[in-house]
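*Asks:* File follows, structure.pdb with PDB, C-alpha atoms:
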```pdb
ATOM      1  CA  MET A 264      22.374 169.180 297.421
ATOM      2  CA  SER A 265      22.337 172.139 295.023
ATOM      3  CA  LYS A 266      23.170 175.525 296.524
ATOM      4  CA  ARG A 267      21.669 177.590 293.713
ATOM      5  CA  GLN A 268      18.826 179.899 294.632
ATOM      6  CA  LEU A 269      15.282 178.661 294.271
ATOM      7  CA  GLU A 270      13.100 179.904 291.477
ATOM      8  CA  MET A 271      10.188 181.894 292.850
ATOM      9  CA  GLY A 272       7.483 180.835 290.406
ATOM     10  CA  TRP A 273       6.191 178.222 292.848
ATOM     11  CA  LEU A 274       5.802 180.674 295.734
ATOM     12  CA  ARG A 275       2.086 181.454 295.409
ATOM     13  CA  LEU A 276       1.283 177.860 294.529
ATOM     14  CA  PHE A 277       2.946 176.473 297.645
ATOM     15  CA  GLU A 278       1.302 179.150 299.809
ATOM     16  CA  ALA A 279      -2.124 178.063 298.525
ATOM     17  CA  VAL A 280      -1.342 174.372 299.153
ATOM     18  CA  GLY A 281      -0.150 175.095 302.665
ATOM     19  CA  ARG A 282      -3.119 177.308 303.469
ATOM     20  CA  HIS A 283      -5.771 174.920 302.138
ATOM     21  CA  ARG A 284      -3.977 171.690 303.058
ATOM     22  CA  ASN A 285      -5.679 170.344 299.972
ATOM     23  CA  LEU A 286      -4.248 170.095 296.454
ATOM     24  CA  THR A 287      -7.645 170.219 294.748
ATOM     25  CA  ARG A 288      -8.783 173.375 296.553
ATOM     26  CA  ALA A 289      -5.450 175.037 295.919
ATOM     27  CA  ALA A 290      -5.738 174.157 292.228
ATOM     28  CA  GLU A 291      -9.270 175.615 292.040
ATOM     29  CA  GLU A 292      -8.131 178.875 293.647
ATOM     30  CA  LEU A 293      -5.210 179.205 291.254
ATOM     31  CA  GLY A 294      -7.187 178.183 288.176
ATOM     32  CA  LEU A 295      -4.999 175.124 287.589
ATOM     33  CA  SER A 296      -5.618 171.409 287.403
ATOM     34  CA  GLN A 297      -4.845 169.219 290.408
ATOM     35  CA  PRO A 298      -2.200 167.225 288.480
ATOM     36  CA  ALA A 299      -0.450 170.478 287.520
ATOM     37  CA  VAL A 300      -0.220 171.497 291.171
ATOM     38  CA  SER A 301       1.060 168.064 292.179
ATOM     39  CA  TYR A 302       3.703 168.230 289.471
ATOM     40  CA  GLN A 303       4.983 171.618 290.659
ATOM     41  CA  ILE A 304       5.162 170.389 294.266
ATOM     42  CA  ARG A 305       7.183 167.334 293.165
ATOM     43  CA  ARG A 306       9.578 169.587 291.236
ATOM     44  CA  LEU A 307      10.071 171.738 294.314
ATOM     45  CA  GLU A 308      10.680 168.675 296.484
ATOM     46  CA  THR A 309      13.232 167.402 293.979
ATOM     47  CA  GLU A 310      15.037 170.740 293.986
ATOM     48  CA  LEU A 311      15.170 170.854 297.789
ATOM     49  CA  GLY A 312      15.861 167.165 298.197
ATOM     50  CA  VAL A 313      13.186 166.666 300.877
ATOM     51  CA  ALA A 314       9.501 165.812 301.081
ATOM     52  CA  LEU A 315       7.320 168.854 301.709
ATOM     53  CA  VAL A 316       3.847 167.328 301.795
ATOM     54  CA  ARG A 317       2.218 164.080 302.810
ATOM     55  CA  ARG A 318      -0.639 163.213 300.503
ATOM     56  CA  ARG A 319      -3.667 161.697 302.200
ATOM     57  CA  HIS A 320      -7.037 160.597 300.833
ATOM     58  CA  ARG A 321      -8.882 163.900 301.322
ATOM     59  CA  SER A 322      -6.184 166.274 302.505
ATOM     60  CA  THR A 323      -2.531 167.181 302.312
ATOM     61  CA  ASP A 324      -0.332 167.588 305.372
ATOM     62  CA  LEU A 325       2.934 169.496 305.506
ATOM     63  CA  THR A 326       6.104 167.803 306.681
ATOM     64  CA  ALA A 327       8.308 169.609 309.175
ATOM     65  CA  GLU A 328      10.346 170.974 306.278
ATOM     66  CA  GLY A 329       7.175 171.892 304.420
ATOM     67  CA  GLN A 330       5.861 173.782 307.449
ATOM     68  CA  MET A 331       9.176 175.643 307.741
ATOM     69  CA  LEU A 332       8.942 176.709 304.104
ATOM     70  CA  TYR A 333       5.276 177.637 304.426
ATOM     71  CA  ASP A 334       5.966 179.822 307.466
ATOM     72  CA  ALA A 335       8.442 181.790 305.359
ATOM     73  CA  VAL A 336       6.320 181.866 302.222
ATOM     74  CA  ARG A 337       2.952 182.989 303.613
ATOM     75  CA  PRO A 338       3.987 186.386 305.083
ATOM     76  CA  SER A 339       6.018 187.042 301.937
ATOM     77  CA  VAL A 340       3.007 186.447 299.696
ATOM     78  CA  GLU A 341       0.828 188.598 301.963
ATOM     79  CA  ARG A 342       3.333 191.450 301.836
ATOM     80  CA  ILE A 343       3.581 191.196 298.065
ATOM     81  CA  ASP A 344      -0.213 191.265 297.722
ATOM     82  CA  GLU A 345      -0.464 194.259 300.054
ATOM     83  CA  ALA A 346       2.268 196.092 298.138
ATOM     84  CA  ALA A 347       0.454 195.421 294.859
ATOM     85  CA  ARG A 348      -2.810 196.692 296.361
ATOM     86  CA  LEU A 349      -1.170 199.925 297.508
ATOM     87  CA  ILE A 350       0.493 200.406 294.145
ATOM     88  CA  ARG A 351      -2.834 200.000 292.366
ATOM     89  CA  LEU A 352      -4.478 202.466 294.755
ATOM     90  CA  GLY A 353      -1.705 204.932 294.032
ATOM     91  CA  GLU A 354      -2.409 204.600 290.330
ATOM     92  CA  ARG A 355      -6.070 205.492 290.811
ATOM     93  CA  THR A 356      -6.947 209.013 289.809
ATOM     94  CA  ALA A 357      -7.717 211.192 292.797
ATOM     95  CA  PRO A 358     -11.315 212.490 292.754
ATOM     96  CA  VAL A 359     -11.918 216.017 291.487
ATOM     97  CA  ARG A 360     -13.388 218.140 294.291
ATOM     98  CA  LEU A 361     -15.948 220.707 293.096
ATOM     99  CA  PHE A 362     -17.119 223.385 295.547
ATOM    100  CA  THR A 363     -20.335 225.327 294.951
ATOM    101  CA  ASP A 364     -23.574 226.427 296.622
ATOM    102  CA  PHE A 365     -26.628 224.267 297.272
ATOM    103  CA  GLY A 366     -28.792 225.898 294.604
ATOM    104  CA  PHE A 367     -26.273 225.500 291.800
ATOM    105  CA  ALA A 368     -25.475 221.931 292.853
ATOM    106  CA  ALA A 369     -29.138 220.884 292.975
ATOM    107  CA  PHE A 370     -30.668 222.748 290.025
ATOM    108  CA  TRP A 371     -27.829 223.194 287.510
ATOM    109  CA  LEU A 372     -25.086 220.673 288.231
ATOM    110  CA  MET A 373     -27.040 217.531 289.105
ATOM    111  CA  PRO A 374     -29.136 217.485 285.908
ATOM    112  CA  ARG A 375     -25.943 217.838 283.836
ATOM    113  CA  ILE A 376     -23.208 215.936 285.684
ATOM    114  CA  ALA A 377     -24.584 212.605 284.454
ATOM    115  CA  GLU A 378     -23.576 213.635 280.927
ATOM    116  CA  PHE A 379     -20.019 214.359 282.082
ATOM    117  CA  ARG A 380     -19.827 211.017 283.887
ATOM    118  CA  ARG A 381     -20.923 209.203 280.715
ATOM    119  CA  MET A 382     -18.255 211.029 278.742
ATOM    120  CA  GLN A 383     -15.537 210.567 281.387
ATOM    121  CA  PRO A 384     -16.381 207.389 283.365
ATOM    122  CA  ASP A 385     -12.852 207.175 284.792
ATOM    123  CA  ILE A 386     -13.062 210.603 286.494
ATOM    124  CA  GLU A 387     -14.535 210.623 289.992
ATOM    125  CA  VAL A 388     -16.204 213.888 291.052
ATOM    126  CA  HIS A 389     -16.891 214.888 294.663
ATOM    127  CA  VAL A 390     -19.336 217.806 295.059
ATOM    128  CA  ILE A 391     -18.883 219.956 298.184
ATOM    129  CA  ALA A 392     -21.876 222.256 298.714
ATOM    130  CA  SER A 393     -22.224 225.208 301.078
ATOM    131  CA  GLN A 394     -24.463 228.253 301.001
ATOM    132  CA  ALA A 395     -21.590 230.559 301.985
ATOM    133  CA  ILE A 396     -18.322 231.113 300.164
ATOM    134  CA  ASP A 397     -15.674 229.322 302.176
ATOM    135  CA  PRO A 398     -12.560 231.509 302.302
ATOM    136  CA  ARG A 399     -10.573 228.292 301.908
ATOM    137  CA  HIS A 400     -12.476 227.134 298.822
ATOM    138  CA  ASP A 401      -9.288 227.131 296.754
ATOM    139  CA  GLU A 402      -7.688 224.845 299.339
ATOM    140  CA  ILE A 403     -10.547 222.388 299.851
ATOM    141  CA  ALA A 404     -11.557 222.142 296.175
ATOM    142  CA  ASP A 405      -9.910 221.681 292.786
ATOM    143  CA  ILE A 406     -12.633 223.687 291.050
ATOM    144  CA  SER A 407     -15.151 226.132 292.516
ATOM    145  CA  VAL A 408     -18.324 227.477 290.924
ATOM    146  CA  LEU A 409     -19.248 230.591 292.900
ATOM    147  CA  PHE A 410     -21.692 233.467 292.636
ATOM    148  CA  GLY A 411     -20.477 237.053 292.612
ATOM    149  CA  THR A 412     -18.480 239.422 290.406
ATOM    150  CA  ARG A 413     -15.115 239.077 288.715
ATOM    151  CA  GLU A 414     -13.676 241.341 291.386
ATOM    152  CA  ASN A 415     -14.623 238.676 293.937
ATOM    153  CA  PHE A 416     -12.657 235.917 292.213
ATOM    154  CA  GLY A 417      -9.895 237.496 290.137
ATOM    155  CA  PRO A 418      -8.971 237.745 286.455
ATOM    156  CA  ALA A 419      -8.460 233.999 286.041
ATOM    157  CA  ALA A 420     -12.143 233.253 286.784
ATOM    158  CA  THR A 421     -14.380 232.251 283.865
ATOM    159  CA  GLN A 422     -18.003 233.380 283.867
ATOM    160  CA  LEU A 423     -20.367 230.453 283.471
ATOM    161  CA  MET A 424     -23.587 232.494 283.401
ATOM    162  CA  ALA A 425     -24.611 236.086 283.994
ATOM    163  CA  GLU A 426     -27.257 236.981 286.545
ATOM    164  CA  HIS A 427     -30.753 237.115 285.066
ATOM    165  CA  VAL A 428     -33.510 237.148 287.680
ATOM    166  CA  VAL A 429     -37.260 236.720 287.204
ATOM    167  CA  PRO A 430     -39.986 236.405 289.852
ATOM    168  CA  VAL A 431     -41.487 232.904 289.844
ATOM    169  CA  CYS A 432     -44.418 231.201 291.538
ATOM    170  CA  SER A 433     -46.509 228.102 291.117
ATOM    171  CA  PRO A 434     -49.408 228.149 288.636
ATOM    172  CA  GLY A 435     -51.770 227.591 291.550
ATOM    173  CA  TYR A 436     -50.437 230.595 293.476
ATOM    174  CA  LEU A 437     -50.699 232.777 290.370
ATOM    175  CA  ALA A 438     -54.289 231.702 289.765
ATOM    176  CA  LEU A 439     -55.225 232.465 293.380
ATOM    177  CA  HIS A 440     -53.287 235.703 293.950
ATOM    178  CA  GLY A 441     -52.477 237.067 290.490
ATOM    179  CA  PRO A 442     -52.223 238.393 287.969
ATOM    180  CA  PHE A 443     -49.181 240.542 288.711
ATOM    181  CA  GLU A 444     -49.336 243.039 285.894
ATOM    182  CA  ALA A 445     -46.658 245.378 287.289
ATOM    183  CA  PRO A 446     -43.763 245.070 289.727
ATOM    184  CA  ALA A 447     -45.750 247.131 292.233
ATOM    185  CA  ASP A 448     -48.340 244.331 292.309
ATOM    186  CA  LEU A 449     -45.686 241.915 293.533
ATOM    187  CA  ALA A 450     -44.970 244.200 296.482
ATOM    188  CA  LYS A 451     -48.410 243.210 297.790
ATOM    189  CA  ALA A 452     -47.729 239.455 297.499
ATOM    190  CA  THR A 453     -46.143 237.101 300.001
ATOM    191  CA  LEU A 454     -42.449 237.134 299.106
ATOM    192  CA  LEU A 455     -39.924 234.362 299.720
ATOM    193  CA  HIS A 456     -36.452 235.659 300.587
ATOM    194  CA  LEU A 457     -33.060 233.976 300.237
ATOM    195  CA  ASP A 458     -31.110 234.871 303.383
ATOM    196  CA  SER A 459     -27.506 234.548 302.237
ATOM    197  CA  GLY A 460     -25.773 236.246 305.154
ATOM    198  CA  PRO A 461     -24.533 239.764 305.829
ATOM    199  CA  ARG A 462     -22.700 240.062 302.493
ATOM    200  CA  GLN A 463     -25.574 239.816 300.009
ATOM    201  CA  ARG A 464     -24.211 238.452 296.730
ATOM    202  CA  TRP A 465     -27.503 237.457 295.113
ATOM    203  CA  GLN A 466     -30.117 239.958 294.043
ATOM    204  CA  SER A 467     -32.696 240.534 296.773
ATOM    205  CA  TRP A 468     -36.337 241.467 296.582
ATOM    206  CA  GLU A 469     -35.376 244.932 297.814
ATOM    207  CA  SER A 470     -32.943 245.472 294.934
ATOM    208  CA  TRP A 471     -35.250 243.854 292.360
ATOM    209  CA  LEU A 472     -38.204 246.052 293.316
ATOM    210  CA  GLY A 473     -35.889 249.056 293.683
ATOM    211  CA  HIS A 474     -34.909 248.618 290.033
ATOM    212  CA  PHE A 475     -38.513 249.599 289.175
ATOM    213  CA  GLY A 476     -38.716 252.338 291.781
ATOM    214  CA  VAL A 477     -40.825 250.265 294.169
ATOM    215  CA  LYS A 478     -39.996 250.423 297.874
ATOM    216  CA  ARG A 479     -41.084 247.655 300.208
ATOM    217  CA  GLN A 480     -39.784 246.199 303.446
ATOM    218  CA  PRO A 481     -40.209 242.525 304.403
ATOM    219  CA  THR A 482     -43.561 241.960 306.125
ATOM    220  CA  LYS A 483     -44.691 239.461 308.734
ATOM    221  CA  GLY A 484     -46.252 237.343 306.018
ATOM    222  CA  ASP A 485     -42.946 236.914 304.176
ATOM    223  CA  LEU A 486     -40.737 233.868 304.589
ATOM    224  CA  GLY A 487     -36.929 233.878 304.751
ATOM    225  CA  LEU A 488     -34.931 230.735 303.983
ATOM    226  CA  ASN A 489     -31.195 230.188 304.128
ATOM    227  CA  THR A 490     -30.736 227.901 301.101
ATOM    228  CA  TYR A 491     -32.087 228.199 297.586
ATOM    229  CA  ASN A 492     -33.296 224.605 297.711
ATOM    230  CA  LEU A 493     -35.692 225.604 300.513
ATOM    231  CA  VAL A 494     -36.792 228.682 298.590
ATOM    232  CA  ILE A 495     -37.781 226.569 295.602
ATOM    233  CA  GLN A 496     -39.522 224.014 297.814
ATOM    234  CA  ALA A 497     -41.566 226.841 299.361
ATOM    235  CA  VAL A 498     -42.494 228.132 295.893
ATOM    236  CA  LEU A 499     -43.601 224.663 294.827
ATOM    237  CA  ALA A 500     -45.695 224.465 298.001
ATOM    238  CA  GLU A 501     -47.511 227.667 296.870
ATOM    239  CA  GLN A 502     -46.263 229.673 299.846
ATOM    240  CA  GLY A 503     -45.365 232.784 297.857
ATOM    241  CA  VAL A 504     -43.307 234.351 295.066
ATOM    242  CA  ALA A 505     -39.529 233.945 294.839
ATOM    243  CA  LEU A 506     -36.770 235.313 292.674
ATOM    244  CA  GLY A 507     -35.690 232.760 290.095
ATOM    245  CA  TRP A 508     -32.172 232.708 288.692
ATOM    246  CA  SER A 509     -31.766 231.792 285.068
ATOM    247  CA  GLY A 510     -29.855 228.550 284.820
ATOM    248  CA  LEU A 511     -31.409 227.303 288.046
ATOM    249  CA  VAL A 512     -35.148 227.560 287.323
ATOM    250  CA  ASP A 513     -35.162 227.207 283.528
ATOM    251  CA  ASP A 514     -36.220 223.553 283.550
ATOM    252  CA  LEU A 515     -38.977 224.208 286.098
ATOM    253  CA  ILE A 516     -40.350 227.040 283.959
ATOM    254  CA  ALA A 517     -40.058 225.033 280.730
ATOM    255  CA  SER A 518     -42.026 222.163 282.271
ATOM    256  CA  GLY A 519     -44.741 224.500 283.597
ATOM    257  CA  THR A 520     -43.987 223.580 287.199
ATOM    258  CA  LEU A 521     -43.207 227.260 287.826
ATOM    259  CA  VAL A 522     -44.391 230.342 285.930
ATOM    260  CA  GLU A 523     -42.865 233.770 285.497
ATOM    261  CA  ALA A 524     -44.621 236.389 287.606
ATOM    262  CA  GLY A 525     -42.791 239.529 286.462
ATOM    263  CA  PRO A 526     -40.074 240.952 284.198
ATOM    264  CA  VAL A 527     -36.452 239.819 284.133
ATOM    265  CA  VAL A 528     -33.734 242.022 285.602
ATOM    266  CA  SER A 529     -30.173 241.392 284.452
ATOM    267  CA  ARG A 530     -26.854 242.281 286.060
ATOM    268  CA  PRO A 531     -24.315 240.994 283.514
ATOM    269  CA  ASP A 532     -21.333 241.767 285.745
ATOM    270  CA  ARG A 533     -22.656 239.268 288.292
ATOM    271  CA  GLY A 534     -23.338 235.572 288.026
ATOM    272  CA  TYR A 535     -21.667 232.209 288.465
ATOM    273  CA  TRP A 536     -17.923 231.989 287.934
ATOM    274  CA  ILE A 537     -15.637 228.991 287.524
ATOM    275  CA  VAL A 538     -12.486 229.251 289.616
ATOM    276  CA  SER A 539      -9.665 226.735 289.335
ATOM    277  CA  GLY A 540      -7.609 225.635 292.332
ATOM    278  CA  ALA A 541      -3.931 224.776 292.404
ATOM    279  CA  SER A 542      -4.245 221.326 290.815
ATOM    280  CA  ARG A 543      -3.563 221.026 287.091
ATOM    281  CA  SER A 544      -4.151 217.286 286.782
ATOM    282  CA  ARG A 545      -5.783 215.866 283.668
ATOM    283  CA  PRO A 546      -9.111 215.119 285.444
ATOM    284  CA  VAL A 547      -9.261 218.659 286.849
ATOM    285  CA  GLU A 548      -8.499 220.209 283.469
ATOM    286  CA  THR A 549     -11.080 217.957 281.807
ATOM    287  CA  LEU A 550     -13.866 218.939 284.212
ATOM    288  CA  PHE A 551     -12.874 222.624 284.017
ATOM    289  CA  ALA A 552     -13.041 222.527 280.206
ATOM    290  CA  TRP A 553     -16.430 220.777 280.301
ATOM    291  CA  LEU A 554     -17.855 223.384 282.690
ATOM    292  CA  THR A 555     -16.506 226.178 280.515
ATOM    293  CA  ASP A 556     -18.167 224.629 277.457
ATOM    294  CA  GLN A 557     -21.510 224.846 279.276
ATOM    295  CA  ALA A 558     -21.250 228.643 279.607
ATOM    296  CA  GLU A 559     -24.400 230.402 278.408
ATOM    297  CA  PRO A 560     -23.870 234.109 277.670
ATOM    298  CA  ALA A 561     -27.625 234.781 277.493
ATOM    299  CA  ALA A 562     -29.379 232.723 280.123
ATOM    300  CA  SER A 563     -32.945 233.974 279.791
ATOM    301  CA  GLY A 564     -34.953 234.043 276.618
ATOM    302  CA  THR A 565     -37.905 236.074 277.845
ATOM    303  CA  SER A 566     -38.956 239.214 276.002
ATOM    304  CA  LYS A 567     -39.626 240.991 279.309
ATOM    305  CA  GLN A 568     -35.923 241.291 280.185
ATOM    306  CA  GLN A 569     -34.864 244.549 281.812
ATOM    307  CA  ASN A 570     -31.287 245.785 282.135
ATOM    308  CA  PRO A 571     -30.141 247.746 285.179
TER     309      PRO A 571
END
```
Could you take the file, read its structure, and then write that structure out as structure tokens?

*Replies:*
Amino acid sequence: MSKRQLEMGWLRLFEAVGRHRNLTRAAEELGLSQPAVSYQIRRLETELGVALVRRRHRSTDLTAEGQMLYDAVRPSVERIDEAARLIRLGERTAPVRLFTDFGFAAFWLMPRIAEFRRMQPDIEVHVIASQAIDPRHDEIADISVLFGTRENFGPAATQLMAEHVVPVCSPGYLALHGPFEAPADLAKATLLHLDSGPRQRWQSWESWLGHFGVKRQPTKGDLGLNTYNLVIQAVLAEQGVALGWSGLVDDLIASGTLVEAGPVVSRPDRGYWIVSGASRSRPVETLFAWLTDQAEPAASGTSKQQNP
């Protein structure tokens, strides 16, 4: 009997024969013909000098020697398949984690991210949304898009859009309660407030009205909401007037779903900023470059714009 080592090309074939106990089924699984499988089994039996299978009318049994070989082969094939699976998983590109607030995610990112996915179908993006800036955003995300000033995020931050704010309401609310010919008229309306926590980063109704010398405190008729999504839903439900941020409400205004109810106030030093995390992988760099390309230095085209 030859003592040379066995060739391993038959290993998966014999595992399939032993598992199915049927040459035809094994052949179908492997994409081979039944005669080709039979031929390989006979070659293996010749090399080992023993019978490995007993061929019956509708099945194939293993001999004692065949069972011994199968018991060694099956776990080996399973381990090889598992190793290959893990290797392939390791080759997959890790998803790019993008951290931002609810308003930006819903009204700016979602309408545009489909374009990025068409351009880069192999890059998986996970969006993590929170109304507050997480102090660990650079740890939990590869890229963050955050609202504030450059001083908040450092010299490496890239401004995506400056802050341009215009009062907005539904056409129905304007028809019923308007017109609002001056900022002081808005002080008499029901105002919808974005409650963003103790450290106010977004412009508030108090600061917007204060820009025009109008003083007003929130009244019992006002409504405060803790996410911008809820603010916009309340506006659409004709519950009052809200502040609309350029870049977030542009499409709603363009479609006539919302209308401008006052002049624009701009604070160019504030706005949304793109902040990169520690990762410098190709997918992260690709998404960062795409976001940067979307930057709009002048976000509002209205002639009523006012500078602070």

*Asks:* Can you work out the spacing between CA of Ile406 in chain A and CA of Ser539 in chain A in Å, to one decimal?

*Replies:* 4.6 Å

*Asks:* Determine, counting all atoms listed in the file, every residue of protein, DNA or RNA that lies within 8 Å of (-18.3, 222.7, 299.6) in the file coordinates, then give the result as a PyMOL selection string.

*Replies:* chain A and resi 361-364+390-393+397+400+403-404

*Asks:* What residues come out when you apply the PyMOL selection byres ((chain A and resi 277-289) around 6) to this file, written as a list in words?

*Replies:*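 Evaluating the PyMOL selection byres ((chain A and resi 277-289) around 6) on this file yields Leu274, Arg275, Leu276, Ala290, Glu291, Glu292, Gln297, Ser322, Thr323, Asp324 and Arg337 of chain A.
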
*Asks:* I'd like to see the residues matched by the PyMOL selection byres ((chain A and resi 515-527) around 7) on this file, and ideally I'd get them as a PyMOL selection string.

*Replies:* chain A and resi 427-434+443+446+512-514+528-529+567-569

*Asks:* Counting all atoms listed in the file, which residues sit no farther than 8 Å from the position (-21.2, 229.4, 282.0) in the file's frame? I'd like them as a list in words.

*Replies:*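 Protein and nucleic acid residues near the point are Thr421, Gln422, Leu423, Met424, Ala425, Tyr535, Trp536, Ile537, Leu554, Thr555, Asp556, Gln557, Ala558, Glu559 and Pro560 of chain A.
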
*Asks:* Find the distance between CA of Leu454 in chain A and CA of Phe365 in chain A and write it in Å to one decimal.

*Replies:* 20.5 Å

*Asks:* Point out the residue among A:Leu439, A:Tyr491, A:Pro374, A:Thr453 with the least atom-to-atom distance to Arg479 in chain A, counting all atoms listed in the file.

*Replies:* A:Thr453

*Asks:* Rank nothing, just name the residue among A:Arg317, A:Asn489, A:Ser459, A:Arg413 nearest to Pro531 in chain A, using only C-alpha atoms.

*Replies:*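 Smallest separation from Pro531 in chain A among the options: A:Arg413.
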